[in-house]
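Trainee: Got protein_0.tsv for you, TSV, C-alpha atoms:
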```
chain	number	residue	atom	x	y	z
O	1	MET	CA	60.20	-59.81	57.72
O	2	ALA	CA	58.13	-56.84	56.50
O	3	GLY	CA	59.92	-54.87	53.86
O	4	THR	CA	62.57	-57.50	53.20
O	5	ALA	CA	62.82	-59.34	49.97
O	6	VAL	CA	61.99	-63.01	50.21
O	7	ARG	CA	65.02	-64.92	49.09
O	8	GLY	CA	64.55	-67.55	46.47
O	9	ARG	CA	63.55	-70.81	48.11
O	10	LEU	CA	65.49	-73.88	47.27
O	11	THR	CA	63.31	-75.85	44.91
O	12	TRP	CA	63.48	-79.19	43.16
O	13	GLN	CA	64.94	-78.88	39.70
O	14	THR	CA	65.12	-81.34	36.87
O	15	ALA	CA	68.66	-82.43	36.04
O	16	THR	CA	69.68	-84.27	32.92
O	17	VAL	CA	72.26	-86.99	33.34
O	18	GLY	CA	75.33	-86.20	31.24
O	19	SER	CA	78.33	-88.46	31.28
O	20	VAL	CA	78.47	-91.54	33.48
O	21	THR	CA	81.87	-92.72	34.76
O	22	ASP	CA	82.52	-96.01	36.53
O	23	GLU	CA	85.01	-95.33	39.31
O	24	THR	CA	85.03	-98.83	40.81
O	25	PRO	CA	82.78	-101.88	40.33
O	26	ARG	CA	80.40	-100.41	42.92
O	27	VAL	CA	80.83	-96.68	42.45
O	28	ARG	CA	79.77	-94.40	39.63
O	29	THR	CA	80.10	-90.68	38.97
O	30	LEU	CA	77.16	-88.94	37.34
O	31	ALA	CA	77.58	-85.56	35.67
O	32	LEU	CA	74.30	-83.67	36.07
O	33	GLU	CA	73.22	-80.82	33.84
O	34	VAL	CA	71.02	-78.42	35.77
O	35	PRO	CA	69.80	-75.29	34.00
O	36	ASP	CA	70.88	-72.17	35.89
O	37	TRP	CA	72.94	-74.11	38.45
O	38	PRO	CA	73.91	-71.36	40.91
O	39	GLY	CA	77.31	-72.91	41.62
O	40	HIS	CA	78.44	-74.62	44.78
O	41	ARG	CA	81.16	-74.65	47.43
O	42	ALA	CA	83.61	-77.50	47.95
O	43	GLY	CA	82.09	-79.99	50.40
O	44	GLN	CA	78.40	-79.18	49.87
O	45	HIS	CA	75.79	-81.75	48.93
O	46	VAL	CA	72.58	-82.06	46.93
O	47	ASP	CA	69.37	-83.93	47.63
O	48	ILE	CA	68.24	-86.35	44.94
O	49	ARG	CA	64.57	-87.37	44.69
O	50	LEU	CA	63.21	-90.33	42.78
O	51	THR	CA	59.50	-90.84	42.18
O	52	ALA	CA	58.11	-94.28	41.37
O	53	ASP	CA	55.22	-94.84	39.00
O	54	ASP	CA	52.86	-95.23	41.96
O	55	GLY	CA	53.93	-91.86	43.36
O	56	TYR	CA	56.21	-93.23	46.09
O	57	GLN	CA	59.15	-90.91	46.58
O	58	ALA	CA	62.60	-91.51	48.01
O	59	GLU	CA	65.08	-88.75	48.82
O	60	ARG	CA	68.79	-89.06	49.53
O	61	ALA	CA	71.61	-86.61	50.11
O	62	TYR	CA	74.76	-87.00	47.98
O	63	SER	CA	77.99	-85.07	48.28
O	64	ILE	CA	79.00	-83.00	45.30
O	65	ALA	CA	82.08	-84.50	43.67
O	66	SER	CA	83.06	-81.55	41.50
O	67	ALA	CA	84.91	-78.40	42.49
O	68	PRO	CA	83.36	-74.94	42.57
O	69	GLY	CA	83.15	-73.62	39.03
O	70	GLU	CA	82.85	-77.09	37.54
O	71	PRO	CA	79.54	-78.57	36.38
O	72	LEU	CA	77.61	-80.48	39.02
O	73	ALA	CA	78.63	-84.11	39.52
O	74	ILE	CA	77.86	-86.66	42.21
O	75	THR	CA	79.59	-89.93	42.98
O	76	VAL	CA	77.34	-92.72	44.20
O	77	GLU	CA	78.23	-96.01	45.87
O	78	ARG	CA	75.82	-98.88	45.27
O	79	LEU	CA	74.34	-100.23	48.49
O	80	ASP	CA	72.83	-103.59	47.70
O	81	ASP	CA	69.86	-103.07	50.01
O	82	GLY	CA	69.45	-99.41	49.06
O	83	GLU	CA	66.31	-97.90	47.57
O	84	VAL	CA	68.04	-95.25	45.51
O	85	SER	CA	71.70	-96.12	44.88
O	86	PRO	CA	71.10	-99.30	42.80
O	87	TYR	CA	69.00	-97.25	40.38
O	88	LEU	CA	71.58	-94.45	40.22
O	89	THR	CA	74.51	-96.80	39.69
O	90	GLU	CA	72.99	-99.47	37.44
O	91	GLU	CA	69.95	-98.24	35.57
O	92	LEU	CA	70.37	-94.55	35.00
O	93	GLN	CA	71.66	-93.63	31.52
O	94	PRO	CA	72.91	-90.42	29.95
O	95	GLY	CA	69.92	-88.34	28.92
O	96	ASP	CA	67.73	-89.56	31.80
O	97	PHE	CA	66.22	-87.10	34.25
O	98	LEU	CA	66.55	-86.74	38.00
O	99	GLU	CA	65.12	-84.31	40.53
O	100	VAL	CA	67.83	-82.35	42.32
O	101	ARG	CA	67.73	-79.79	45.14
O	102	GLY	CA	70.79	-77.82	46.15
O	103	PRO	CA	73.47	-76.87	46.77
O	104	ILE	CA	73.05	-77.48	50.50
O	105	GLY	CA	75.23	-76.99	53.57
O	106	GLY	CA	77.58	-74.39	54.94
O	107	TYR	CA	79.43	-76.36	57.60
O	108	PHE	CA	81.44	-79.09	55.88
O	109	VAL	CA	82.94	-76.74	53.30
O	110	TRP	CA	86.42	-75.49	52.52
O	111	GLU	CA	87.54	-72.37	50.71
O	112	PRO	CA	91.13	-71.36	49.95
O	113	ALA	CA	90.79	-68.48	52.40
O	114	PHE	CA	90.25	-70.96	55.25
O	115	GLY	CA	93.88	-72.02	54.91
O	116	GLY	CA	95.31	-75.13	56.51
O	117	PRO	CA	97.36	-77.27	56.57
O	118	LEU	CA	94.52	-79.43	55.29
O	119	MET	CA	94.10	-82.84	56.89
O	120	LEU	CA	91.49	-84.84	55.01
O	121	LEU	CA	90.33	-88.23	56.28
O	122	ALA	CA	88.04	-90.44	54.25
O	123	GLY	CA	86.35	-93.77	54.87
O	124	GLY	CA	85.08	-95.41	51.68
O	125	SER	CA	82.87	-93.11	49.61
O	126	GLY	CA	83.40	-90.45	52.26
O	127	VAL	CA	86.19	-89.40	49.92
O	128	VAL	CA	83.68	-87.71	47.60
O	129	PRO	CA	83.36	-84.27	49.27
O	130	LEU	CA	87.08	-84.39	50.07
O	131	ARG	CA	87.80	-84.86	46.36
O	132	ALA	CA	85.80	-81.69	45.70
O	133	ILE	CA	87.91	-79.94	48.34
O	134	LEU	CA	91.14	-81.25	46.79
O	135	ARG	CA	90.06	-80.13	43.33
O	136	CYS	CA	89.31	-76.70	44.77
O	137	TRP	CA	92.72	-76.73	46.47
O	138	VAL	CA	94.40	-77.57	43.13
O	139	SER	CA	92.52	-75.05	41.02
O	140	ALA	CA	93.11	-72.27	43.53
O	141	GLY	CA	96.84	-73.04	43.57
O	142	SER	CA	96.58	-73.03	47.35
O	143	SER	CA	99.89	-72.79	49.15
O	144	VAL	CA	98.77	-74.73	52.22
O	145	PRO	CA	99.91	-78.36	52.33
O	146	ALA	CA	97.20	-80.98	51.92
O	147	ARG	CA	97.26	-84.57	53.06
O	148	LEU	CA	94.59	-87.26	52.62
O	149	LEU	CA	94.33	-90.41	54.70
O	150	TYR	CA	91.95	-92.67	52.83
O	151	SER	CA	90.61	-95.96	54.17
O	152	SER	CA	89.20	-98.47	51.66
O	153	ARG	CA	88.40	-102.16	51.79
O	154	SER	CA	90.75	-103.05	48.95
O	155	TRP	CA	92.77	-101.40	46.18
O	156	GLU	CA	89.89	-102.08	43.74
O	157	ASP	CA	87.59	-100.06	45.99
O	158	VAL	CA	89.73	-96.92	45.88
O	159	ILE	CA	87.67	-94.21	44.20
O	160	TYR	CA	89.41	-91.56	42.03
O	161	GLN	CA	92.63	-93.62	42.10
O	162	ALA	CA	94.41	-92.00	39.18
O	163	GLU	CA	93.34	-88.49	40.05
O	164	LEU	CA	94.48	-88.79	43.64
O	165	ASP	CA	97.86	-90.03	42.43
O	166	SER	CA	98.42	-86.97	40.31
O	167	ASP	CA	96.81	-84.01	42.03
O	168	GLY	CA	99.83	-83.05	44.08
O	169	ALA	CA	98.37	-83.75	47.50
O	170	GLU	CA	99.97	-86.35	49.70
O	171	VAL	CA	97.71	-89.42	49.79
O	172	ILE	CA	98.13	-92.21	52.32
O	173	HIS	CA	95.99	-95.29	51.77
O	174	ALA	CA	94.83	-97.78	54.37
O	175	LEU	CA	93.43	-101.02	52.93
O	176	THR	CA	91.38	-102.78	55.57
O	177	ARG	CA	90.33	-106.12	54.04
O	178	SER	CA	92.72	-107.11	51.29
O	179	GLN	CA	95.92	-105.72	49.87
O	180	PRO	CA	97.62	-106.21	46.51
O	181	PRO	CA	100.80	-108.32	46.41
O	182	GLY	CA	103.76	-106.39	47.68
O	183	TRP	CA	101.62	-103.79	49.49
O	184	THR	CA	103.76	-101.91	51.98
O	185	GLY	CA	101.19	-99.39	53.13
O	186	TYR	CA	98.73	-99.59	55.99
O	187	ALA	CA	96.69	-102.80	56.06
O	188	ARG	CA	94.25	-102.05	58.88
O	189	ARG	CA	91.54	-99.67	59.93
O	190	VAL	CA	92.55	-96.16	60.88
O	191	ASP	CA	93.56	-96.16	64.54
O	192	GLN	CA	95.17	-93.81	66.99
O	193	GLN	CA	98.70	-94.87	66.13
O	194	MET	CA	98.08	-94.32	62.43
O	195	LEU	CA	96.64	-90.88	63.11
O	196	ALA	CA	99.66	-90.00	65.19
O	197	GLU	CA	101.93	-91.04	62.30
O	198	VAL	CA	99.98	-89.41	59.51
O	199	ALA	CA	98.10	-86.37	60.77
O	200	TRP	CA	99.75	-82.95	60.77
O	201	PRO	CA	100.94	-82.10	64.28
O	202	ALA	CA	98.35	-80.05	66.16
O	203	ALA	CA	100.96	-77.32	66.65
O	204	GLN	CA	100.69	-76.52	62.93
O	205	GLN	CA	97.02	-75.59	63.51
O	206	PRO	CA	95.68	-77.92	60.83
O	207	LEU	CA	92.10	-77.89	59.62
O	208	ALA	CA	90.63	-81.41	59.45
O	209	TYR	CA	87.70	-82.75	57.43
O	210	VAL	CA	86.48	-86.24	58.26
O	211	CYS	CA	83.87	-88.02	56.15
O	212	GLY	CA	82.75	-91.62	56.12
O	213	PRO	CA	80.59	-94.13	57.93
O	214	THR	CA	79.52	-93.13	61.42
O	215	SER	CA	81.92	-95.50	63.19
O	216	PHE	CA	84.87	-94.23	61.12
O	217	VAL	CA	84.03	-90.59	61.75
O	218	GLU	CA	83.58	-91.06	65.49
O	219	ALA	CA	86.87	-92.93	65.86
O	220	VAL	CA	88.86	-90.50	63.71
O	221	ALA	CA	87.38	-87.32	65.14
O	222	SER	CA	87.97	-88.38	68.73
O	223	GLY	CA	91.44	-89.58	67.75
O	224	LEU	CA	92.33	-86.18	66.31
O	225	VAL	CA	91.02	-84.40	69.39
O	226	GLY	CA	93.19	-86.80	71.41
O	227	LEU	CA	96.18	-85.57	69.38
O	228	GLY	CA	95.41	-82.01	70.40
O	229	TYR	CA	93.24	-80.84	67.50
O	230	PRO	CA	90.65	-78.37	68.83
O	231	ALA	CA	87.16	-79.82	68.23
O	232	GLY	CA	86.26	-76.71	66.26
O	233	ARG	CA	89.04	-77.49	63.73
O	234	VAL	CA	87.68	-80.99	63.04
O	235	LYS	CA	84.70	-80.88	60.67
O	236	THR	CA	82.76	-84.11	60.38
O	237	GLU	CA	80.21	-85.59	58.02
O	238	ARG	CA	78.73	-88.98	58.77
O	239	PHE	CA	76.74	-91.23	56.53
O	240	GLY	CA	74.92	-94.40	57.44
O	241	ALA	CA	76.48	-96.84	55.01
O	242	THR	CA	79.66	-98.83	55.43
O	243	GLY	CA	82.45	-99.01	52.90
O	244	GLN	CA	85.74	-98.22	54.57
I	1	MET	CA	58.31	-91.17	72.37
I	2	GLU	CA	58.91	-94.89	71.87
I	3	ALA	CA	58.74	-94.64	68.12
I	4	PHE	CA	61.58	-92.17	68.06
I	5	ASP	CA	63.84	-94.11	70.39
I	6	SER	CA	67.16	-94.92	68.83
I	7	SER	CA	70.41	-95.71	70.55
I	8	ALA	CA	73.32	-93.30	70.27
I	9	SER	CA	75.61	-96.00	68.95
I	10	ASP	CA	73.24	-96.79	66.10
I	11	SER	CA	75.21	-96.74	62.87
I	12	SER	CA	72.33	-94.95	61.18
I	13	VAL	CA	73.01	-91.73	63.06
I	14	LEU	CA	73.73	-88.87	60.70
I	15	ASP	CA	74.70	-85.21	61.13
I	16	GLY	CA	72.63	-82.10	60.82
I	17	ASN	CA	74.41	-81.70	57.48
I	18	ALA	CA	72.26	-84.45	56.07
I	19	ILE	CA	68.99	-82.57	56.58
I	20	GLY	CA	70.14	-79.21	55.23
I	21	GLY	CA	67.62	-79.51	52.40
I	22	LEU	CA	64.72	-80.26	54.73
I	23	LEU	CA	65.73	-77.35	56.97
I	24	ILE	CA	65.80	-74.95	54.01
I	25	GLU	CA	62.33	-76.19	53.11
I	26	VAL	CA	61.07	-75.48	56.63
I	27	PHE	CA	62.96	-72.30	57.52
I	28	GLY	CA	63.53	-70.82	54.09
I	29	THR	CA	67.23	-70.37	54.60
I	30	GLU	CA	70.48	-72.28	55.14
I	31	MET	CA	70.34	-73.56	58.73
I	32	THR	CA	73.21	-76.02	59.11
I	33	THR	CA	75.51	-73.26	60.36
I	34	ALA	CA	72.87	-71.87	62.75
I	35	THR	CA	73.54	-72.42	66.44
I	36	GLY	CA	71.15	-74.44	68.57
I	37	THR	CA	71.00	-74.52	72.36
I	38	CYS	CA	69.68	-77.67	74.04
I	39	ALA	CA	66.81	-76.87	76.40
I	40	SER	CA	67.71	-79.87	78.57
I	41	CYS	CA	71.46	-79.54	79.15
I	42	GLY	CA	72.35	-76.18	77.65
I	43	SER	CA	74.87	-77.54	75.13
I	44	VAL	CA	75.47	-75.18	72.23
I	45	ARG	CA	76.29	-76.61	68.82
I	46	GLN	CA	75.95	-75.81	65.16
I	47	VAL	CA	73.00	-77.61	63.61
I	48	ALA	CA	75.40	-79.48	61.31
I	49	GLU	CA	76.96	-81.12	64.37
I	50	LEU	CA	73.71	-82.43	65.89
I	51	ALA	CA	72.73	-86.12	65.73
I	52	VAL	CA	70.06	-86.93	63.17
I	53	TYR	CA	67.94	-90.07	63.04
I	54	ARG	CA	65.60	-90.85	60.18
I	55	PRO	CA	63.70	-93.92	61.32
I	56	GLY	CA	61.22	-93.72	58.48
I	57	LEU	CA	58.33	-91.95	60.16
I	58	GLY	CA	60.15	-88.68	60.10
I	59	THR	CA	63.32	-86.98	61.24
I	60	VAL	CA	64.54	-86.64	64.82
I	61	VAL	CA	67.42	-84.37	65.83
I	62	ARG	CA	69.09	-85.08	69.16
I	63	CYS	CA	71.62	-83.32	71.37
I	64	ARG	CA	75.06	-84.98	71.12
I	65	THR	CA	75.69	-84.36	74.82
I	66	CYS	CA	72.50	-85.52	76.56
I	67	GLU	CA	70.59	-87.14	73.66
I	68	ALA	CA	67.46	-85.07	74.33
I	69	ILE	CA	65.23	-84.59	71.31
I	70	LEU	CA	65.79	-81.05	70.04
I	71	MET	CA	63.75	-81.06	66.85
I	72	ALA	CA	61.33	-83.42	65.15
I	73	PHE	CA	59.91	-83.24	61.64
I	74	VAL	CA	57.13	-85.35	60.18
I	75	GLN	CA	55.87	-84.96	56.62
I	76	ILE	CA	52.28	-85.94	55.86
I	77	HIS	CA	50.58	-85.24	52.55
I	78	GLY	CA	53.19	-82.67	51.61
I	79	VAL	CA	52.86	-80.79	54.90
I	80	THR	CA	55.80	-80.74	57.29
I	81	CYS	CA	54.96	-80.73	61.01
I	82	VAL	CA	57.76	-79.25	63.08
I	83	ASP	CA	58.46	-79.62	66.81
I	84	LEU	CA	61.24	-77.41	68.16
I	85	GLN	CA	60.38	-77.66	71.85
I	86	GLY	CA	63.69	-79.25	72.76
I	87	LEU	CA	65.62	-76.15	71.74
I	88	ALA	CA	66.11	-73.22	74.09
I	89	SER	CA	67.27	-71.17	71.11
I	90	LEU	CA	68.09	-71.48	67.43
I	91	ALA	CA	69.83	-68.60	65.75
```
Take the structure I supplied and represent it as structure tokens, if you would.
Mentor:
Amino acid sequence: MAGTAVRGRLTWQTATVGSVTDETPRVRTLALEVPDWPGHRAGQHVDIRLTADDGYQAERAYSIASAPGEPLAITVERLDDGEVSPYLTEELQPGDFLEVRGPIGGYFVWEPAFGGPLMLLAGGSGVVPLRAILRCWVSAGSSVPARLLYSSRSWEDVIYQAELDSDGAEVIHALTRSQPPGWTGYARRVDQQMLAEVAWPAAQQPLAYVCGPTSFVEAVASGLVGLGYPAGRVKTERFGATGQ
Amino acid sequence: MEAFDSSASDSSVLDGNAIGGLLIEVFGTEMTTATGTCASCGSVRQVAELAVYRPGLGTVVRCRTCEAILMAFVQIHGVTCVDLQGLASLA
């Protein structure tokens, strides 16, 4: 390393909570003001650190919900037995402070130059980084087609409902636990048959991004490979919680 | 090794993505797109694709093919102890 400049290490920064938006009864988007935010790529995440009065610290990774060029925002789902998410979704107010480290990750990212067709598959709050990708796709005026298959428990649990309706991408919902009256869409978990009906044919050389609970990601990723998607064209991001 | 034991079907398994921040802290640079080679079975994968377990004591990274422990990180009093013996290479 002699003679080379040491690159700036990623450090914890203090963010100020800006606006707070309730997406669903359990999910909230927090706009975070970070001085000198270096910008981020679609699909990256940040680490959030909370410190209790007794010095106990808890760290969690949250996907960035905003597109490159937009101010930092995260979308958090409340996990009732969680250490961090109940505070973020129920107690935190605009003007409060949080410790943030990021942006992080270079694998689960999309840029317009990567092309497509884009096949996005979300389970529950796994939609968050895919929303950042879709926003990036919209703002870049990308010419590749984009399709989102989004599994939620119920219609009330669908995050970014209005935005997804209007962003120009094709969105297919699967509602696994309850469906509104007259629902004609999918009413089950994502399975192989659904993937075969919804996913771009492998011959079109699609690029797939799968994010959600571990069981969702494993089933979907292996399903796509079964449809002929090369494993290298299926990017995955698992998180521990449930919510599909 | 008992304390690190965790079944592959455990729903708490994460990806290497999830520890990108920790890896930057340890290595000083973005590592989730680095390529790791398992010293046990020779599988080659990007760090982001490896299986990550965070049982509370620390962080364990396992091979997705043979489940061997590739990396382990334990933080004590602000110091991170790193074990990379399960990797044949990381670049």
Trainee: Could you give me, as a tab-separated table, every chain O residue with an atom at most 7 Å from chain I, plus its closest atom pair and distance in Å to one decimal, counting all atoms listed in the file, rows ordered by chain then number?
Mentor:
```
residue	atom	partner	partner_atom	distance
O:Arg9	CA	I:Gly28	CA	6.0
O:Leu10	CA	I:Ile24	CA	6.8
O:Asp47	CA	I:Gly21	CA	6.7
O:Ala61	CA	I:Ala18	CA	6.4
O:Ile104	CA	I:Gly20	CA	5.8
O:Gly105	CA	I:Gly20	CA	5.8
O:Gly106	CA	I:Thr33	CA	5.9
O:Tyr107	CA	I:Thr33	CA	5.7
O:Thr214	CA	I:Ser11	CA	5.8
O:Ser215	CA	I:Ser11	CA	6.8
O:Glu237	CA	I:Asp15	CA	6.3
O:Arg238	CA	I:Leu14	CA	5.4
O:Phe239	CA	I:Leu14	CA	5.7
O:Gly240	CA	I:Ser12	CA	4.6
```
Trainee: Write out as number ranges by chain which residues come within 6 Å of range 12-26 of chain O when counting only C-alpha atoms, dropping same-chain ones fewer than 6 positions away.
Mentor: O: 32-34, 77-78, 94-101, 157, 159
Trainee: May I ask which of the residues O:Pro71, O:Pro35, O:Gly123, O:Pro145 is the closest one to Thr176 in chain O, counting all atoms listed in the file?
Mentor: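 Of O:Pro71, O:Pro35, O:Gly123, O:Pro145, the one nearest Thr176 in chain O is O:Gly123, counting all atoms listed in the file.
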Trainee: Find the distance between CA of His40 in chain O and CA of Ala122 in chain O and write it in Å to one decimal.
Mentor: 20.8 Å
Trainee: Quick one: distance from CA of Ile76 in chain I to CA of Arg62 in chain I in Å, one decimal?
Mentor: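 So the two atoms, CA of Ile76 in chain I and CA of Arg62 in chain I, lie 21.5 Å apart.
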Trainee: If we count only C-alpha atoms and set the cut-off at 7 Å, which residues sit around Ile69 in chain I, ignoring sequence neighbours fewer than 3 positions away in its own chain? Please answer as JSON, numbers by chain.
Mentor: {"I": [60, 61, 62, 63, 86]}
Trainee: In Å, how far is it from CA of Val138 in chain O to CA of Leu72 in chain O?
Mentor: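 Taking CA of Val138 in chain O and CA of Leu72 in chain O, their separation equals 17.5 Å.
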Trainee: Give the answer as one residue: which of I:Arg54, I:His77, I:Arg45, I:Arg64 has the shortest atom-to-atom distance to Leu90 in chain I, using only C-alpha atoms?
Mentor: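 Using only C-alpha atoms, the shortest distance to Leu90 in chain I belongs to I:Arg45.
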Trainee: Rank O:Ile74, O:Val158, O:Val210, O:Leu195 by their smallest atom-to-atom distance to Gln179 in chain O, using all atoms listed in the file, and report the top residue only.
Mentor: O:Val158
Trainee: The centre and edge lengths of an axis-aligned box containing all atoms of range 18-30 of chain O present in the file, extended by 5 Å on each side, are to be given in Å to one decimal, as AutoDock Vina command-line options.
Mentor:
```
--center_x 80.2 --center_y -94.0 --center_z 37.1 --size_x 19.7 --size_y 25.7 --size_z 21.7
```
Trainee: Please identify all polymer residues within 10 Å of Ala39 in chain I, counting only C-alpha atoms, omitting same-chain residues fewer than 4 positions from it, and present them as JSON, numbers by chain.
Mentor: {"I": [43, 44, 63, 68, 69, 70, 84, 85, 86, 87, 88, 89]}
Trainee: Counting all atoms listed in the file, I want the residues whose atoms come within 10 Å of (98.9, -86.1, 70.4) in the file frame, returned as a PyMOL selection string.
Mentor: chain O and resi 192-193+195-197+199+201-203+223-229
Trainee: Next, dump the selected residues to file, keeping only C-alpha atoms, as a PDB file, in the coordinates of the input.
Mentor:
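And here is the file that came out, result.pdb:
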```
ATOM      1  CA  GLN O 192      95.170 -93.810  66.990  1.00  0.00           C
ATOM      2  CA  GLN O 193      98.700 -94.870  66.130  1.00  0.00           C
ATOM      3  CA  LEU O 195      96.640 -90.880  63.110  1.00  0.00           C
ATOM      4  CA  ALA O 196      99.660 -90.000  65.190  1.00  0.00           C
ATOM      5  CA  GLU O 197     101.930 -91.040  62.300  1.00  0.00           C
ATOM      6  CA  ALA O 199      98.100 -86.370  60.770  1.00  0.00           C
ATOM      7  CA  PRO O 201     100.940 -82.100  64.280  1.00  0.00           C
ATOM      8  CA  ALA O 202      98.350 -80.050  66.160  1.00  0.00           C
ATOM      9  CA  ALA O 203     100.960 -77.320  66.650  1.00  0.00           C
ATOM     10  CA  GLY O 223      91.440 -89.580  67.750  1.00  0.00           C
ATOM     11  CA  LEU O 224      92.330 -86.180  66.310  1.00  0.00           C
ATOM     12  CA  VAL O 225      91.020 -84.400  69.390  1.00  0.00           C
ATOM     13  CA  GLY O 226      93.190 -86.800  71.410  1.00  0.00           C
ATOM     14  CA  LEU O 227      96.180 -85.570  69.380  1.00  0.00           C
ATOM     15  CA  GLY O 228      95.410 -82.010  70.400  1.00  0.00           C
ATOM     16  CA  TYR O 229      93.240 -80.840  67.500  1.00  0.00           C
TER      17      TYR O 229
END
```
